[in-house]
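Written below as structure tokens is the structure these notes are about.
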Amino acid sequence: MTRAASEQQFIRHLYFRSLPSFAAALMLMLLCPVVTNMMTGHLVGQEGLAVLSLMSPVTMIFNVGGSLLAVGGALQAMHFSGENDAARSNACLWTALKLMIVVALILTAGIIIFINPVLSFLNVPVGIYAPTRRYLMMYAPAAFGSMAIYISFHYLKLKGLQRDGVLVNLFLLLLNAGLNFLLAGVLHMGVAGIGLATTVAHTVASLVGICRLYSKTGGFTKPAKGLELPHIKRLLLAGSPSAMNNLSYFLCIIVFNALVLRVLGQEGLSVVNVNASMRYLAVIIANGTSLSMASLAAIYSSEHDAESLRQVFRCAMQAALLLTTLLTLLLLLCPQFICALFGIDSAHLTAAHLYALRIYGLSLFVYVPVTVLLTFYQSVKRSLMANVFTFLKVFVFAVTFAELLTKISGGRHIWWAYLLAEVTALLLILITARIISRSRENVTPILLMDTSVEKSGRYLACAVLNGDEYVRACCDEVADFCLRHQVMSETAQMVTACFYTTVRYMQQCALRSNRVSIASNVRLFIEDNEVILRLNVPGQIIAPLENEAVSSSTADKRVGNGTLVPDMDEVKKLAKSVHYDRSFGVNHMAIIFEKNK
């Protein structure tokens with residue numbers, strides 16, 4: 001295997017290792033509303049589907065808070081990891097939880113106290129006003145659970161506990177479905193039982209996930225203090241594009257529901273409900289592929305690692321296009337089957353149901369790639385651009401095209417608004433990115449990455465295969481790199497020797513667990529008066545800062561120009577600082593040296 005292939009293999013291993021479990025956990029979480037809609041159609045009827053369709057903006061508001069604090073907290077934790085700040089990375093979870101409790105209390109109290117104005121704002125028809133009110137009274141306390149489930153989802157993934165994330169969301173799905181059947185089917189509580197089932201299931205499942213995070217092996221502890229105000233602002237800014245997506249969809253649904261109700265009646269709402277349920281499957285693909293990329297991109301962005309950013313984006317886009325093609329074919333070829341899943345049989349099936357699903361399927365070819373691109377901007381701290389285009393795409397363009405199509409066709413072709421909004425947004429994003437890249441030096445087109453470190457030559461990227469001969473070969477590259485950049489000879493020898501010791505030690509620990517480790521990822525930077533060595537080695541948890549030094553069998557080895565190899569204890573003494581963290585099943589080491597010591 002060539003070095004270039006090994007480098008690509010490392011990134012692909014990280015991405016595709018986390019994608020299946022991440023997508024599975026996301027799928028189980030988002031299948032809850034889909035399964036709830038299916039069970040509502042069969043247990044309550046189309047009246048129940050209309051109620052859930054009208055209440056989807058409330059769900060979106062809960063999702064706004066959850067995505068803002070969970071996604072923002074997870075991305076901020078990754079940025080802190082990239083900056084070698086483990087204490088603040090740990091504090092991100094605690095701060096996000098405290099903010100989430102406050103927001104949940106405000107939302108629940110506000111909905112219950114002002115329930116009649118809320119129902120009027122959502123344009124609830126008189127015919128289904130009473131069941132909608134009962135549903136909302138039961139569903140309002142779900143604010144905390146609906147938001148906190150995002151916390152367990154993102155942070156379990158962050159700590160490499162993907163299996164636990166899948167199990168928590170599987171528990172959520174089964175508990176929610178079981179309570180739906182019990183309360184709506186057996187106890188005949190109708191749509192109010194559906195709302196109560198959702199509240200109980202999300203609250204219980206989210207608490208289970210949070211307890212897992214704070215368990216002995218969960219990796220999180222209560223910090224001495226939370227984040228300072230400037231870092232809280234950065235957390236909120238990091239999560240704002242995800243929150244903006246849900247907020248924009250909330251606004252869009254309100255206007256879209258009112259528009260559909262006006263031109264197509266209550267039957268149109270059942271079409272919107274089926275489309276909204278299919279949106280959850282699209283979100284599984286779009287968010288599964290893009291958020292699997294997001295945390296990795298946040299780390300590499302903080303480390304100024306442009307090459308890894310390119311590779312992880314490429315992996316996300318390849319996965320997104322493949323999965324989107326499969327879902328689009330399902331919507332185009334089997335719309336009758338999909339409608340039947342929601343209790344809409346041939347007697348109630350209309351041409352509008354089939355037509356809307358097929359058009360929505362076509363829109364996914366643009367929706368998913370655009371989502372991946374905007375999530376990438378969010379991850380590399382271009383939140384403003386991600387916010388603006390998310391709002392334009394999801395709300396402004398969608399509503400504008402829906403209004404125009406209603407006036408032109410009387411409502412029949414309103415579903416084309418999905419596709420037109422996505423295409424317009426994609427074109428504007430590409431044009432804007434091109435303008436920005438031309439106006440700023442060392443900024444790449446489309447991805448808008450800063451490549452100044454890469455182009456300056458103060459950056460070495462390579463992969464190290466397992467085996468002493470490969471590590472020694474890379475040692476020569478490290479030594480040459482240091483000398484080319486006027487690093488003092490003594491410092492260059494120290495960096496090379498510490499590199500050899502650390503890589504061999506981490507690889508030996510990984511192989512000792514009887515797991516074949518893939519190539520290790522190496523990044524070397526020259527910044528100001530510091531030489532920063534970053535090592536990423538897959539395998540078991542090794543905690544090199546706490547374990548005993550590497551075995552004495554390596555103590556008499558020499559590398560490069562004959563420099564004696566130090567043990568791990570000596571590495572800590574020779575370096576200016578040493579940082580260790582673990583995420584996505586990979587051990588991360590950052591060793592910082594003074595350039596001219």
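If you're wondering about the labels, chains in the structure tokens are A, B, ... by order shown, residues count from 1 in each chain, ligands from 1 in order shown.
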
Residues within 10 Å of Val103 (chain A), only C-alpha atoms, excluding chain neighbours under 2 positions, as a PyMOL selection string: chain A and resi 62+65-66+97-101+105-108+143-144+147

Go ahead and write the selection's residues with N, CA, C and O atoms as a PDB file, in the first residue's frame.
```
ATOM      1  N   PHE A  62     -38.864  22.510  19.407  1.00  0.00           N
ATOM      2  CA  PHE A  62     -38.065  21.677  20.312  1.00  0.00           C
ATOM      3  C   PHE A  62     -36.747  21.286  19.643  1.00  0.00           C
ATOM      4  O   PHE A  62     -35.687  21.272  20.283  1.00  0.00           O
ATOM      5  N   GLY A  65     -34.064  24.109  19.743  1.00  0.00           N
ATOM      6  CA  GLY A  65     -33.286  24.162  20.984  1.00  0.00           C
ATOM      7  C   GLY A  65     -32.315  23.005  21.106  1.00  0.00           C
ATOM      8  O   GLY A  65     -31.153  23.192  21.506  1.00  0.00           O
ATOM      9  N   GLY A  66     -32.771  21.810  20.759  1.00  0.00           N
ATOM     10  CA  GLY A  66     -31.910  20.644  20.867  1.00  0.00           C
ATOM     11  C   GLY A  66     -30.705  20.715  19.956  1.00  0.00           C
ATOM     12  O   GLY A  66     -29.570  20.439  20.368  1.00  0.00           O
ATOM     13  N   LEU A  97     -26.242  21.202  29.016  1.00  0.00           N
ATOM     14  CA  LEU A  97     -27.343  20.622  29.803  1.00  0.00           C
ATOM     15  C   LEU A  97     -28.049  21.684  30.637  1.00  0.00           C
ATOM     16  O   LEU A  97     -29.288  21.715  30.717  1.00  0.00           O
ATOM     17  N   LYS A  98     -27.288  22.545  31.294  1.00  0.00           N
ATOM     18  CA  LYS A  98     -27.908  23.576  32.117  1.00  0.00           C
ATOM     19  C   LYS A  98     -28.742  24.535  31.266  1.00  0.00           C
ATOM     20  O   LYS A  98     -29.866  24.903  31.648  1.00  0.00           O
ATOM     21  N   LEU A  99     -28.208  24.932  30.120  1.00  0.00           N
ATOM     22  CA  LEU A  99     -28.972  25.804  29.227  1.00  0.00           C
ATOM     23  C   LEU A  99     -30.231  25.111  28.723  1.00  0.00           C
ATOM     24  O   LEU A  99     -31.298  25.733  28.597  1.00  0.00           O
ATOM     25  N   MET A 100     -30.122  23.808  28.454  1.00  0.00           N
ATOM     26  CA  MET A 100     -31.257  23.063  27.927  1.00  0.00           C
ATOM     27  C   MET A 100     -32.395  22.968  28.940  1.00  0.00           C
ATOM     28  O   MET A 100     -33.573  23.057  28.586  1.00  0.00           O
ATOM     29  N   ILE A 101     -32.068  22.790  30.208  1.00  0.00           N
ATOM     30  CA  ILE A 101     -33.099  22.719  31.244  1.00  0.00           C
ATOM     31  C   ILE A 101     -33.873  24.036  31.316  1.00  0.00           C
ATOM     32  O   ILE A 101     -35.109  24.057  31.401  1.00  0.00           O
ATOM     33  N   LEU A 105     -37.947  24.460  30.341  1.00  0.00           N
ATOM     34  CA  LEU A 105     -38.941  24.979  31.288  1.00  0.00           C
ATOM     35  C   LEU A 105     -39.705  26.158  30.691  1.00  0.00           C
ATOM     36  O   LEU A 105     -40.929  26.261  30.851  1.00  0.00           O
ATOM     37  N   ILE A 106     -38.989  27.034  30.012  1.00  0.00           N
ATOM     38  CA  ILE A 106     -39.644  28.198  29.389  1.00  0.00           C
ATOM     39  C   ILE A 106     -40.628  27.758  28.313  1.00  0.00           C
ATOM     40  O   ILE A 106     -41.771  28.247  28.245  1.00  0.00           O
ATOM     41  N   LEU A 107     -40.216  26.824  27.453  1.00  0.00           N
ATOM     42  CA  LEU A 107     -41.089  26.368  26.373  1.00  0.00           C
ATOM     43  C   LEU A 107     -42.328  25.660  26.901  1.00  0.00           C
ATOM     44  O   LEU A 107     -43.458  25.936  26.457  1.00  0.00           O
ATOM     45  N   THR A 108     -42.134  24.730  27.834  1.00  0.00           N
ATOM     46  CA  THR A 108     -43.277  23.979  28.363  1.00  0.00           C
ATOM     47  C   THR A 108     -44.271  24.907  29.051  1.00  0.00           C
ATOM     48  O   THR A 108     -45.488  24.832  28.803  1.00  0.00           O
ATOM     49  N   ALA A 143     -40.677  18.917  25.935  1.00  0.00           N
ATOM     50  CA  ALA A 143     -39.629  19.846  25.510  1.00  0.00           C
ATOM     51  C   ALA A 143     -38.247  19.389  25.956  1.00  0.00           C
ATOM     52  O   ALA A 143     -37.303  19.348  25.155  1.00  0.00           O
ATOM     53  N   PHE A 144     -38.125  19.018  27.238  1.00  0.00           N
ATOM     54  CA  PHE A 144     -36.804  18.624  27.730  1.00  0.00           C
ATOM     55  C   PHE A 144     -36.316  17.345  27.042  1.00  0.00           C
ATOM     56  O   PHE A 144     -35.197  17.288  26.528  1.00  0.00           O
ATOM     57  N   MET A 147     -35.303  17.699  23.389  1.00  0.00           N
ATOM     58  CA  MET A 147     -34.030  18.389  23.191  1.00  0.00           C
ATOM     59  C   MET A 147     -32.858  17.579  23.743  1.00  0.00           C
ATOM     60  O   MET A 147     -31.796  17.494  23.125  1.00  0.00           O
TER      61      MET A 147
END
```

I'd like the neighbourhood of Leu235 (chain A) as a CSV table (one decimal) with C-alpha atoms, in the first residue's frame, where a residue qualifies if any of its atoms comes within 9 Å (using only C-alpha atoms), though same-chain residues fewer than 3 positions away should be ignored.
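In the end it all went to selection_36.csv:
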```csv
chain,number,residue,atom,x,y,z
A,68,LEU,CA,-28.6,24.6,18.9
A,69,LEU,CA,-27.2,23.3,22.2
A,71,VAL,CA,-24.7,20.3,17.9
A,72,GLY,CA,-23.1,23.6,19.1
A,73,GLY,CA,-21.8,21.9,22.2
A,74,ALA,CA,-20.3,18.9,20.4
A,75,LEU,CA,-18.7,21.0,17.7
A,76,GLN,CA,-17.3,23.4,20.3
A,77,ALA,CA,-15.9,20.5,22.3
A,92,CYS,CA,-19.2,21.9,27.0
A,96,ALA,CA,-25.3,22.6,27.3
A,230,PRO,CA,-17.4,34.2,25.4
A,231,HIS,CA,-17.1,30.5,25.0
A,232,ILE,CA,-20.9,30.1,25.5
A,238,ALA,CA,-21.4,26.8,16.3
A,239,GLY,CA,-24.8,25.3,16.7
A,240,SER,CA,-26.8,28.1,15.1
```

Can you list, as a PyMOL selection string, every protein, DNA or RNA residue that comes within 9 Å of Leu247 (chain A) when you count only C-alpha atoms, leaving out same-chain residues fewer than 5 positions away? chain A and resi 57+60-61+63-64+242+252+391+395

Restrict the selected residues to N, CA and C atoms and save them as a PDB file, in the first residue's frame.
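Printed below is again-v4.pdb as written:
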```pdb
ATOM      1  N   PRO A  57     -44.866  22.170  13.705  1.00  0.00           N
ATOM      2  CA  PRO A  57     -44.051  23.342  14.061  1.00  0.00           C
ATOM      3  C   PRO A  57     -43.597  23.342  15.517  1.00  0.00           C
ATOM      4  N   MET A  60     -40.684  21.219  15.693  1.00  0.00           N
ATOM      5  CA  MET A  60     -39.532  21.924  15.135  1.00  0.00           C
ATOM      6  C   MET A  60     -38.920  22.887  16.140  1.00  0.00           C
ATOM      7  N   ILE A  61     -39.771  23.547  16.967  1.00  0.00           N
ATOM      8  CA  ILE A  61     -39.244  24.463  17.979  1.00  0.00           C
ATOM      9  C   ILE A  61     -38.392  23.692  18.989  1.00  0.00           C
ATOM     10  N   ASN A  63     -36.823  20.959  18.358  1.00  0.00           N
ATOM     11  CA  ASN A  63     -35.613  20.569  17.629  1.00  0.00           C
ATOM     12  C   ASN A  63     -34.636  21.733  17.488  1.00  0.00           C
ATOM     13  N   VAL A  64     -35.169  22.958  17.404  1.00  0.00           N
ATOM     14  CA  VAL A  64     -34.310  24.138  17.328  1.00  0.00           C
ATOM     15  C   VAL A  64     -33.421  24.218  18.560  1.00  0.00           C
ATOM     16  N   SER A 242     -27.536  24.593  12.541  1.00  0.00           N
ATOM     17  CA  SER A 242     -28.465  23.480  12.739  1.00  0.00           C
ATOM     18  C   SER A 242     -29.778  23.978  13.313  1.00  0.00           C
ATOM     19  N   CYS A 252     -41.525  27.673   7.796  1.00  0.00           N
ATOM     20  CA  CYS A 252     -42.018  27.198   6.499  1.00  0.00           C
ATOM     21  C   CYS A 252     -43.263  26.342   6.663  1.00  0.00           C
ATOM     22  N   PHE A 391     -31.510  29.685   6.005  1.00  0.00           N
ATOM     23  CA  PHE A 391     -32.765  30.428   6.122  1.00  0.00           C
ATOM     24  C   PHE A 391     -33.374  30.692   4.749  1.00  0.00           C
ATOM     25  N   PHE A 395     -36.788  28.460   4.180  1.00  0.00           N
ATOM     26  CA  PHE A 395     -37.988  29.279   4.388  1.00  0.00           C
ATOM     27  C   PHE A 395     -38.272  30.219   3.220  1.00  0.00           C
TER      28      PHE A 395
END
```

Would you list the contacts of Met385 (chain A) as a JSON list (two decimals) with C-alpha atoms, in the first residue's frame, taking every protein, DNA or RNA residue within 9 Å and counting only C-alpha atoms, but skipping same-chain residues closer than 4 positions in sequence?
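Generated file (selection.json):
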```
[["chain", "number", "residue", "atom", "x", "y", "z"],
["A", 241, "PRO", "CA", -26.86, 26.73, 11.52],
["A", 374, "LEU", "CA", -23.66, 23.89, 4.60],
["A", 377, "TYR", "CA", -19.26, 25.54, 6.49],
["A", 378, "GLN", "CA", -20.73, 25.24, 9.99],
["A", 389, "PHE", "CA", -28.28, 30.13, 3.11],
["A", 390, "THR", "CA", -30.14, 27.76, 5.41],
["A", 429, "ILE", "CA", -23.95, 29.13, -2.68]]
```

Fewer than 6 positions away in the same chain doesn't count, so skip those; otherwise give me all residues within 7 Å of region 20-25 of chain A, counting only C-alpha atoms, as a list in words.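 In the requested form, the answer reads Lys157, Gln162, Arg163, Gly165, Val166, Asn169, Ile284, Gly288 and Ser292 of chain A.
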
Suppose we keep N, CA, C and O atoms; can you now write the selection as a PDB file, in the first residue's frame?
```pdb
ATOM      1  N   LYS A 157     -21.561   9.750  20.456  1.00  0.00           N
ATOM      2  CA  LYS A 157     -20.764   9.595  19.233  1.00  0.00           C
ATOM      3  C   LYS A 157     -19.383  10.226  19.409  1.00  0.00           C
ATOM      4  O   LYS A 157     -18.370   9.664  18.999  1.00  0.00           O
ATOM      5  N   GLN A 162     -20.536   4.712  19.985  1.00  0.00           N
ATOM      6  CA  GLN A 162     -21.596   4.657  18.984  1.00  0.00           C
ATOM      7  C   GLN A 162     -22.608   3.561  19.280  1.00  0.00           C
ATOM      8  O   GLN A 162     -23.806   3.730  19.058  1.00  0.00           O
ATOM      9  N   ARG A 163     -22.121   2.429  19.789  1.00  0.00           N
ATOM     10  CA  ARG A 163     -23.040   1.331  20.088  1.00  0.00           C
ATOM     11  C   ARG A 163     -24.045   1.748  21.162  1.00  0.00           C
ATOM     12  O   ARG A 163     -25.229   1.432  21.067  1.00  0.00           O
ATOM     13  N   GLY A 165     -25.054   4.777  21.702  1.00  0.00           N
ATOM     14  CA  GLY A 165     -25.989   5.703  21.065  1.00  0.00           C
ATOM     15  C   GLY A 165     -27.080   4.981  20.309  1.00  0.00           C
ATOM     16  O   GLY A 165     -28.253   5.380  20.351  1.00  0.00           O
ATOM     17  N   VAL A 166     -26.705   3.911  19.610  1.00  0.00           N
ATOM     18  CA  VAL A 166     -27.704   3.115  18.887  1.00  0.00           C
ATOM     19  C   VAL A 166     -28.687   2.479  19.863  1.00  0.00           C
ATOM     20  O   VAL A 166     -29.912   2.495  19.648  1.00  0.00           O
ATOM     21  N   ASN A 169     -31.216   5.005  21.353  1.00  0.00           N
ATOM     22  CA  ASN A 169     -32.256   5.403  20.397  1.00  0.00           C
ATOM     23  C   ASN A 169     -33.161   4.238  20.017  1.00  0.00           C
ATOM     24  O   ASN A 169     -34.333   4.446  19.699  1.00  0.00           O
ATOM     25  N   ILE A 284     -32.231  11.630   7.772  1.00  0.00           N
ATOM     26  CA  ILE A 284     -31.327  10.571   8.224  1.00  0.00           C
ATOM     27  C   ILE A 284     -30.113  10.502   7.306  1.00  0.00           C
ATOM     28  O   ILE A 284     -28.965  10.392   7.761  1.00  0.00           O
ATOM     29  N   GLY A 288     -27.022  12.233   8.679  1.00  0.00           N
ATOM     30  CA  GLY A 288     -26.132  11.113   8.980  1.00  0.00           C
ATOM     31  C   GLY A 288     -24.790  11.267   8.303  1.00  0.00           C
ATOM     32  O   GLY A 288     -23.733  11.069   8.920  1.00  0.00           O
ATOM     33  N   SER A 292     -21.682  13.158  10.577  1.00  0.00           N
ATOM     34  CA  SER A 292     -20.542  12.258  10.768  1.00  0.00           C
ATOM     35  C   SER A 292     -19.252  12.956  10.346  1.00  0.00           C
ATOM     36  O   SER A 292     -18.175  12.678  10.881  1.00  0.00           O
TER      37      SER A 292
END
```
